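Asker: My structure is below; once you've seen it, I'll send some questions.
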Amino acid sequence: MPILSAKETEGMKLPSPGSKEYWEDSKWAYEHMNEISEQYPNQWVVIFNKKVIGASRSGSEAEQIATEKVGDQEFVILFAEKGIRVY
């Protein structure tokens, strides 16, 4: 991986590390992953304000559901894997 010089990175904007609420929702999701996986097995799940606001077998559909509900606010989307899978 190439390393950029200070001149090359001048004026470059780094992506946002996420809001405090995003990280709180993420933590909540992982703390409740067993329950989420039971209720939404093998689905993409959207978390916002420490609750599930949508789920779908399609990640893009789950993202669309979330965008319709919360607009451009940050939300957590994760795959609620149920059982053992071999990839």
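Residues are named by chain letter and number: chains run A, B, ... in the order of the structure tokens, numbers start at 1 in each chain, and ligands are numbered from 1 in the order shown.
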Excluding region 46-48 of chain A and residues on its chain fewer than 5 positions from it, collect all residues at most 12 Å away from it, counting only C-alpha atoms, and give them as a PyMOL selection string.
Answerer: chain A and resi 21-30+32-33+36+40+53-71+73-80
Asker: Among chain A, which residues carry a DSSP assignment of helix (DSSP H, G or I), reported as number ranges by chain?
Answerer: A: 6-9, 20-31, 33-39, 59-70
Asker: Export C-alpha atoms of the chosen residues as an mmCIF file, in the first residue's frame?
Answerer:
```cif
data_model
loop_
_atom_site.group_PDB
_atom_site.id
_atom_site.type_symbol
_atom_site.label_atom_id
_atom_site.label_comp_id
_atom_site.auth_asym_id
_atom_site.auth_seq_id
_atom_site.Cartn_x
_atom_site.Cartn_y
_atom_site.Cartn_z
ATOM 1 C CA ALA A 6 2.314 15.385 3.529
ATOM 2 C CA LYS A 7 1.948 17.431 0.333
ATOM 3 C CA GLU A 8 -0.251 14.766 -1.270
ATOM 4 C CA THR A 9 -2.570 14.649 1.756
ATOM 5 C CA LYS A 20 -21.820 9.405 19.374
ATOM 6 C CA GLU A 21 -25.337 8.067 18.712
ATOM 7 C CA TYR A 22 -24.051 5.812 15.901
ATOM 8 C CA TRP A 23 -21.489 4.207 18.219
ATOM 9 C CA GLU A 24 -24.064 3.836 21.016
ATOM 10 C CA ASP A 25 -26.445 2.100 18.572
ATOM 11 C CA SER A 26 -23.616 -0.119 17.371
ATOM 12 C CA LYS A 27 -22.733 -1.117 20.932
ATOM 13 C CA TRP A 28 -26.393 -1.788 21.731
ATOM 14 C CA ALA A 29 -26.741 -3.959 18.619
ATOM 15 C CA TYR A 30 -23.781 -6.152 19.541
ATOM 16 C CA GLU A 31 -24.960 -6.446 23.150
ATOM 17 C CA MET A 33 -27.101 -9.714 18.899
ATOM 18 C CA ASN A 34 -28.454 -13.022 20.236
ATOM 19 C CA GLU A 35 -31.995 -11.645 20.503
ATOM 20 C CA ILE A 36 -31.723 -9.858 17.152
ATOM 21 C CA SER A 37 -30.492 -13.046 15.439
ATOM 22 C CA GLU A 38 -33.385 -15.011 16.948
ATOM 23 C CA GLN A 39 -35.975 -12.527 15.743
ATOM 24 C CA GLY A 59 -28.796 -5.393 2.376
ATOM 25 C CA SER A 60 -29.731 -2.735 -0.169
ATOM 26 C CA GLU A 61 -33.423 -3.106 0.682
ATOM 27 C CA ALA A 62 -32.662 -2.772 4.410
ATOM 28 C CA GLU A 63 -30.675 0.379 3.653
ATOM 29 C CA GLN A 64 -33.566 1.761 1.594
ATOM 30 C CA ILE A 65 -36.030 1.056 4.437
ATOM 31 C CA ALA A 66 -33.756 2.885 6.878
ATOM 32 C CA THR A 67 -33.283 5.874 4.586
ATOM 33 C CA GLU A 68 -37.058 6.190 4.158
ATOM 34 C CA LYS A 69 -37.508 6.147 7.945
ATOM 35 C CA VAL A 70 -34.606 8.317 9.160
#
```
Asker: Would you mind reading off the distance between CA of Gly83 (chain A) and CA of Val52 (chain A), one decimal, in Å?
Answerer: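 Atom-to-atom, CA of Gly83 (chain A) and CA of Val52 (chain A) are spaced 20.2 Å apart.
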Asker: Just list the residues in chain A DSSP gives strand (DSSP E or B) on the backbone, as a PyMOL selection string.
Answerer: chain A and resi 43-48+51-56+76-80
Asker: Could you jot down the CA of Pro2 (chain A) to CA of Ser16 (chain A) separation for me, Å, one decimal place?
Answerer: 22.3 Å
